[in-house]
file start.pdb (PDB, C-alpha atoms, pLDDT in the B column)
ATOM      1  CA  MET A 142     134.571  43.933 131.850  1.00 49.00           C
ATOM      2  CA  ASP A 143     130.892  43.179 132.461  1.00 53.00           C
ATOM      3  CA  LYS A 144     131.269  39.793 130.779  1.00 52.00           C
ATOM      4  CA  MET A 145     134.144  38.900 133.106  1.00 51.00           C
ATOM      5  CA  GLN A 146     132.148  39.976 136.172  1.00 52.00           C
ATOM      6  CA  ASN A 147     129.205  37.795 135.068  1.00 50.00           C
ATOM      7  CA  THR A 148     131.514  34.808 134.583  1.00 47.00           C
ATOM      8  CA  THR A 149     132.979  35.277 138.047  1.00 46.00           C
ATOM      9  CA  LYS A 150     129.532  35.764 139.533  1.00 49.00           C
ATOM     10  CA  ASN A 151     128.202  32.556 137.916  1.00 49.00           C
ATOM     11  CA  ALA A 152     131.210  30.547 139.095  1.00 49.00           C
ATOM     12  CA  ALA A 153     130.523  31.589 142.689  1.00 51.00           C
ATOM     13  CA  VAL A 154     126.862  30.505 142.593  1.00 57.00           C
ATOM     14  CA  LYS A 155     126.325  27.372 144.663  1.00 66.00           C
ATOM     15  CA  ARG A 156     124.064  24.694 143.298  1.00 67.00           C
ATOM     16  CA  PRO A 157     121.084  23.997 145.532  1.00 85.00           C
ATOM     17  CA  GLU A 158     121.423  20.792 147.531  1.00 90.00           C
ATOM     18  CA  VAL A 159     118.828  18.036 147.528  1.00 93.00           C
ATOM     19  CA  LYS A 160     119.101  15.739 150.524  1.00 95.00           C
ATOM     20  CA  CYS A 161     118.022  12.150 149.940  1.00 96.00           C
ATOM     21  CA  TYR A 162     117.749   9.425 152.569  1.00 97.00           C
ATOM     22  CA  PHE A 163     117.459   5.654 152.284  1.00 96.00           C
ATOM     23  CA  SER A 164     117.060   2.757 154.668  1.00 95.00           C
ATOM     24  CA  ALA A 165     115.904  -0.826 155.061  1.00 93.00           C
ATOM     25  CA  LYS A 166     113.829  -2.427 157.763  1.00 88.00           C
ATOM     26  CA  THR A 167     113.506  -6.070 158.744  1.00 87.00           C
ATOM     27  CA  LEU A 168     111.502  -7.726 161.498  1.00 82.00           C
ATOM     28  CA  GLU A 169     114.381  -9.707 162.954  1.00 80.00           C
ATOM     29  CA  ARG A 170     117.687  -8.244 164.111  1.00 81.00           C
ATOM     30  CA  ASP A 171     119.811 -10.851 162.306  1.00 79.00           C
ATOM     31  CA  ARG A 172     121.242  -8.767 159.467  1.00 79.00           C
ATOM     32  CA  GLU A 173     122.482 -11.726 157.420  1.00 80.00           C
ATOM     33  CA  LYS A 174     119.281 -13.812 157.500  1.00 85.00           C
ATOM     34  CA  LYS A 175     117.065 -13.507 154.436  1.00 89.00           C
ATOM     35  CA  GLN A 176     113.645 -12.291 155.488  1.00 90.00           C
ATOM     36  CA  ASN A 177     110.750 -10.033 154.582  1.00 92.00           C
ATOM     37  CA  GLY A 178     111.472  -6.363 154.970  1.00 91.00           C
ATOM     38  CA  LEU A 179     111.056  -2.881 153.567  1.00 91.00           C
ATOM     39  CA  THR A 180     113.158  -0.841 151.191  1.00 93.00           C
ATOM     40  CA  CYS A 181     112.670   2.870 151.811  1.00 94.00           C
ATOM     41  CA  PHE A 182     113.819   6.237 150.561  1.00 95.00           C
ATOM     42  CA  ALA A 183     112.771   9.812 151.183  1.00 94.00           C
ATOM     43  CA  ILE A 184     113.444  13.095 149.411  1.00 93.00           C
ATOM     44  CA  PRO A 185     111.830  15.668 151.715  1.00 90.00           C
ATOM     45  CA  GLU A 186     112.603  18.705 149.515  1.00 86.00           C
ATOM     46  CA  VAL A 187     110.290  17.363 146.819  1.00 86.00           C
ATOM     47  CA  GLY A 188     107.789  15.572 149.080  1.00 86.00           C
ATOM     48  CA  VAL A 189     108.681  11.975 148.179  1.00 90.00           C
ATOM     49  CA  ILE A 190     108.553   8.981 150.509  1.00 90.00           C
ATOM     50  CA  PHE A 191     108.890   5.511 148.960  1.00 92.00           C
ATOM     51  CA  LYS A 192     108.449   2.196 150.775  1.00 92.00           C
ATOM     52  CA  ASN A 193     108.290  -1.216 149.164  1.00 92.00           C
ATOM     53  CA  SER A 194     108.142  -4.709 150.635  1.00 92.00           C
ATOM     54  CA  SER A 195     111.117  -6.836 149.646  1.00 92.00           C
ATOM     55  CA  TYR A 196     112.857 -10.042 150.605  1.00 94.00           C
ATOM     56  CA  GLY A 197     116.543 -10.447 151.423  1.00 94.00           C
ATOM     57  CA  SER A 198     119.134  -9.915 154.104  1.00 93.00           C
ATOM     58  CA  TRP A 199     119.197  -6.521 155.791  1.00 91.00           C
ATOM     59  CA  TYR A 200     122.382  -5.716 153.863  1.00 93.00           C
ATOM     60  CA  GLU A 201     120.767  -6.644 150.531  1.00 95.00           C
ATOM     61  CA  LEU A 202     117.723  -4.535 151.388  1.00 95.00           C
ATOM     62  CA  GLU A 203     119.959  -1.553 152.213  1.00 96.00           C
ATOM     63  CA  TYR A 204     121.539  -1.810 148.774  1.00 96.00           C
ATOM     64  CA  LEU A 205     118.109  -2.290 147.146  1.00 96.00           C
ATOM     65  CA  SER A 206     116.925   0.891 148.886  1.00 97.00           C
ATOM     66  CA  LEU A 207     119.898   2.816 147.511  1.00 97.00           C
ATOM     67  CA  ILE A 208     119.402   1.360 144.025  1.00 97.00           C
ATOM     68  CA  SER A 209     115.679   2.232 144.116  1.00 96.00           C
ATOM     69  CA  LEU A 210     116.559   5.811 145.060  1.00 97.00           C
ATOM     70  CA  LEU A 211     119.150   6.047 142.285  1.00 97.00           C
ATOM     71  CA  ARG A 212     116.699   4.637 139.727  1.00 96.00           C
ATOM     72  CA  PHE A 213     114.142   7.202 140.843  1.00 96.00           C
ATOM     73  CA  ILE A 214     116.655  10.031 140.458  1.00 95.00           C
ATOM     74  CA  GLU A 215     117.710   8.780 137.023  1.00 94.00           C
ATOM     75  CA  ALA A 216     114.078   8.360 135.860  1.00 94.00           C
ATOM     76  CA  ASN A 217     113.313  11.917 137.011  1.00 92.00           C
ATOM     77  CA  GLN A 218     116.500  13.713 136.023  1.00 90.00           C
ATOM     78  CA  THR A 219     114.735  16.942 135.089  1.00 89.00           C
ATOM     79  CA  ALA A 220     113.623  17.345 138.721  1.00 87.00           C
ATOM     80  CA  PHE A 221     117.250  17.149 139.871  1.00 89.00           C
ATOM     81  CA  GLU A 222     119.003  19.166 137.150  1.00 87.00           C
ATOM     82  CA  ASN A 223     121.615  21.637 138.345  1.00 87.00           C
ATOM     83  CA  GLN A 224     121.330  20.406 141.921  1.00 90.00           C
ATOM     84  CA  LYS A 225     123.885  18.838 144.199  1.00 92.00           C
ATOM     85  CA  ILE A 226     122.548  15.442 145.308  1.00 95.00           C
ATOM     86  CA  SER A 227     123.531  14.392 148.829  1.00 96.00           C
ATOM     87  CA  ILE A 228     122.508  10.859 149.734  1.00 97.00           C
ATOM     88  CA  MET A 229     122.557   9.770 153.358  1.00 97.00           C
ATOM     89  CA  CYS A 230     122.040   6.512 155.206  1.00 96.00           C
ATOM     90  CA  SER A 231     122.672   5.038 158.628  1.00 94.00           C
ATOM     91  CA  SER A 232     124.689   2.033 157.409  1.00 93.00           C
ATOM     92  CA  PRO A 233     128.382   2.793 157.928  1.00 94.00           C
ATOM     93  CA  LEU A 234     129.333  -0.458 156.199  1.00 92.00           C
ATOM     94  CA  LEU A 235     127.464   0.421 153.000  1.00 94.00           C
ATOM     95  CA  VAL A 236     128.903   3.948 152.962  1.00 95.00           C
ATOM     96  CA  TYR A 237     132.410   2.537 153.418  1.00 94.00           C
ATOM     97  CA  GLN A 238     131.928  -0.089 150.699  1.00 92.00           C
ATOM     98  CA  MET A 239     130.639   2.523 148.257  1.00 93.00           C
ATOM     99  CA  ASN A 240     133.023   5.386 149.008  1.00 91.00           C
ATOM    100  CA  GLU A 241     136.176   3.339 149.407  1.00 85.00           C
ATOM    101  CA  ASN A 242     135.249   0.764 146.738  1.00 74.00           C
ATOM    102  CA  SER A 243     136.196  -1.850 149.312  1.00 78.00           C
ATOM    103  CA  GLY A 244     135.475  -5.536 149.172  1.00 81.00           C
ATOM    104  CA  CYS A 245     132.198  -6.996 150.342  1.00 87.00           C
ATOM    105  CA  GLN A 246     130.519 -10.368 150.732  1.00 89.00           C
ATOM    106  CA  SER A 247     129.986 -12.190 147.456  1.00 90.00           C
ATOM    107  CA  GLU A 248     126.192 -12.047 147.938  1.00 91.00           C
ATOM    108  CA  LEU A 249     126.382  -8.239 148.030  1.00 92.00           C
ATOM    109  CA  LEU A 250     128.769  -7.823 145.102  1.00 92.00           C
ATOM    110  CA  PRO A 251     126.078  -7.528 142.376  1.00 93.00           C
ATOM    111  CA  PHE A 252     124.230  -4.894 144.433  1.00 94.00           C
ATOM    112  CA  ARG A 253     127.374  -2.908 145.188  1.00 94.00           C
ATOM    113  CA  ASN A 254     128.562  -3.071 141.571  1.00 93.00           C
ATOM    114  CA  LEU A 255     125.201  -1.806 140.303  1.00 95.00           C
ATOM    115  CA  ALA A 256     125.215   1.030 142.837  1.00 94.00           C
ATOM    116  CA  LEU A 257     128.787   1.925 141.804  1.00 93.00           C
ATOM    117  CA  ALA A 258     127.682   1.998 138.147  1.00 94.00           C
ATOM    118  CA  TYR A 259     124.991   4.507 139.114  1.00 94.00           C
ATOM    119  CA  LYS A 260     127.589   6.509 141.046  1.00 93.00           C
ATOM    120  CA  ARG A 261     129.634   6.840 137.852  1.00 91.00           C
ATOM    121  CA  ARG A 262     126.558   8.030 135.900  1.00 91.00           C
ATOM    122  CA  LEU A 263     124.976  10.282 138.499  1.00 92.00           C
ATOM    123  CA  ASN A 264     126.882  12.912 140.387  1.00 86.00           C
ATOM    124  CA  PHE A 265     126.080  12.405 144.086  1.00 94.00           C
ATOM    125  CA  SER A 266     127.763  12.222 147.443  1.00 95.00           C
ATOM    126  CA  LEU A 267     127.069   9.444 149.938  1.00 97.00           C
ATOM    127  CA  SER A 268     127.495   9.922 153.660  1.00 97.00           C
ATOM    128  CA  TRP A 269     126.600   8.331 156.984  1.00 97.00           C
ATOM    129  CA  ILE A 270     124.114   9.834 159.433  1.00 96.00           C
ATOM    130  CA  PRO A 271     122.819   8.532 162.784  1.00 94.00           C
ATOM    131  CA  GLU A 272     119.628   6.456 162.636  1.00 90.00           C
ATOM    132  CA  VAL A 273     117.591   9.162 164.396  1.00 89.00           C
ATOM    133  CA  GLU A 274     118.398  11.594 161.576  1.00 91.00           C
ATOM    134  CA  ASN A 275     117.528   9.186 158.754  1.00 92.00           C
ATOM    135  CA  ARG A 276     114.196  10.441 157.448  1.00 90.00           C
ATOM    136  CA  ALA A 277     113.640   7.280 155.404  1.00 91.00           C
ATOM    137  CA  GLN A 278     114.116   5.058 158.427  1.00 80.00           C
ATOM    138  CA  ASN A 279     112.368   6.779 161.252  1.00 64.00           C
ATOM    139  CA  GLY A 280     109.099   7.295 159.403  1.00 54.00           C
ATOM    140  CA  ARG A 281     108.917  10.995 160.076  1.00 49.00           C
ATOM    141  CA  MET A 282     106.100  12.377 158.037  1.00 46.00           C
ATOM    142  CA  ASP A 283     107.047  16.009 158.584  1.00 49.00           C
ATOM    143  CA  LEU A 284     107.422  16.740 154.928  1.00 49.00           C
ATOM    144  CA  PRO A 285     106.424  20.229 153.891  1.00 50.00           C
ATOM    145  CA  PRO A 286     103.093  20.616 152.108  1.00 48.00           C
ATOM    146  CA  LEU A 287     104.267  21.183 148.558  1.00 50.00           C
ATOM    147  CA  LYS A 288     102.504  21.728 145.333  1.00 53.00           C
ATOM    148  CA  ILE A 289     104.471  19.243 143.266  1.00 54.00           C
ATOM    149  CA  SER A 290     105.645  20.797 140.036  1.00 59.00           C
ATOM    150  CA  PHE A 291     107.131  17.614 138.614  1.00 61.00           C
ATOM    151  CA  ASP A 292     105.398  14.605 137.172  1.00 67.00           C
ATOM    152  CA  PHE A 293     107.478  11.939 138.942  1.00 70.00           C
ATOM    153  CA  ASN A 294     107.808   8.504 137.401  1.00 72.00           C
ATOM    154  CA  PHE A 295     107.234   5.660 139.888  1.00 69.00           C
ATOM    155  CA  GLU A 296     106.042   3.084 137.342  1.00 70.00           C
ATOM    156  CA  ASP A 297     109.145   0.941 136.974  1.00 66.00           C
ATOM    157  CA  LEU A 298     110.437   1.120 140.539  1.00 65.00           C
ATOM    158  CA  GLN A 299     108.410  -1.740 141.958  1.00 57.00           C
ATOM    159  CA  LYS A 300     109.172  -4.081 139.055  1.00 59.00           C
ATOM    160  CA  LYS A 301     112.893  -3.386 139.029  1.00 54.00           C
ATOM    161  CA  THR A 302     113.493  -3.742 142.768  1.00 51.00           C
ATOM    162  CA  GLN A 303     111.875  -7.161 143.110  1.00 53.00           C
TER     163      GLN A 303
END

call {"tool": "encode", "arguments": {"input": "start.pdb", "output": "structure tokens"}}
result
Amino acid sequence: MDKMQNTTKNAAVKRPEVKCYFSAKTLERDREKKQNGLTCFAIPEVGVIFKNSSYGSWYELEYLSLISLLRFIEANQTAFENQKISIMCSSPLLVYQMNENSGCQSELLPFRNLALAYKRRLNFSLSWIPEVENRAQNGRMDLPPLKISFDFNFEDLQKKTQ
């Protein structure tokens, strides 16, 4: 009987949720023009903010931000074991393209396909949030002071996103 109670108890335990945010920034408002910009992601629960200069359209940079975040999660899997990963961004188009596996511009196809390959390997949800709530975009530095217990790997991120 005790074994059955433990099994039921373990099944009811919710996995802790890690909220991850990503965004892109460009100087000009034209989202299709290739230009200098930033790829960004933030994982406040573990005290990580990543920003990298990149070149591309705003849409390409959004996908590069997501791919950078996914590469970081994959390179640091032990930090995210047994946790539900919720990824959020303020690009409704990207969320729709990823969640509905819908068509996209041919220039974005390689980015979307790579992100979908990560989605098959990593178990995460992707959802839209308003820009003011996107902690990667708005530059909020209100991360909690944490004593980091993980040795995060940032080495390959810059090389792979350029």

call {"tool": "resolve_selection", "arguments": {"input": "start.pdb", "expression": "the PyMOL selection byres ((chain A and resi 174) around 12)", "output": "ChimeraX atom specification"}}
result
/A:167-173,175-178,196-202,248

call {"tool": "closest_residue", "arguments": {"input": "start.pdb", "among": "A:Ala165, A:Asn223, A:Gln218, A:Phe293", "to": "Val187 in chain A", "atoms": "only C-alpha atoms"}}
result
A:Phe293

call {"tool": "closest_residue", "arguments": {"input": "start.pdb", "among": "A:Glu296, A:Pro251, A:Ser232, A:Pro185", "to": "Phe213 in chain A", "atoms": "all atoms listed in the file"}}
result
A:Glu296

call {"tool": "residues_near_point", "arguments": {"input": "start.pdb", "point": "(120.3, 15.2, 143.6)", "cutoff": "9 Å", "atoms": "all atoms listed in the file", "output": "PyMOL selection string"}}
result
chain A and resi 158-161+214+218+220-228+263-266

call {"tool": "closest_residue", "arguments": {"input": "start.pdb", "among": "A:Ala256, A:Leu234, A:Gln278, A:Gln246", "to": "Thr180 in chain A", "atoms": "all atoms listed in the file"}}
result
A:Gln278

call {"tool": "closest_residue", "arguments": {"input": "start.pdb", "among": "A:Ile270, A:Leu211, A:Leu235, A:Val189", "to": "Ala258 in chain A", "atoms": "all atoms listed in the file"}}
result
A:Leu211
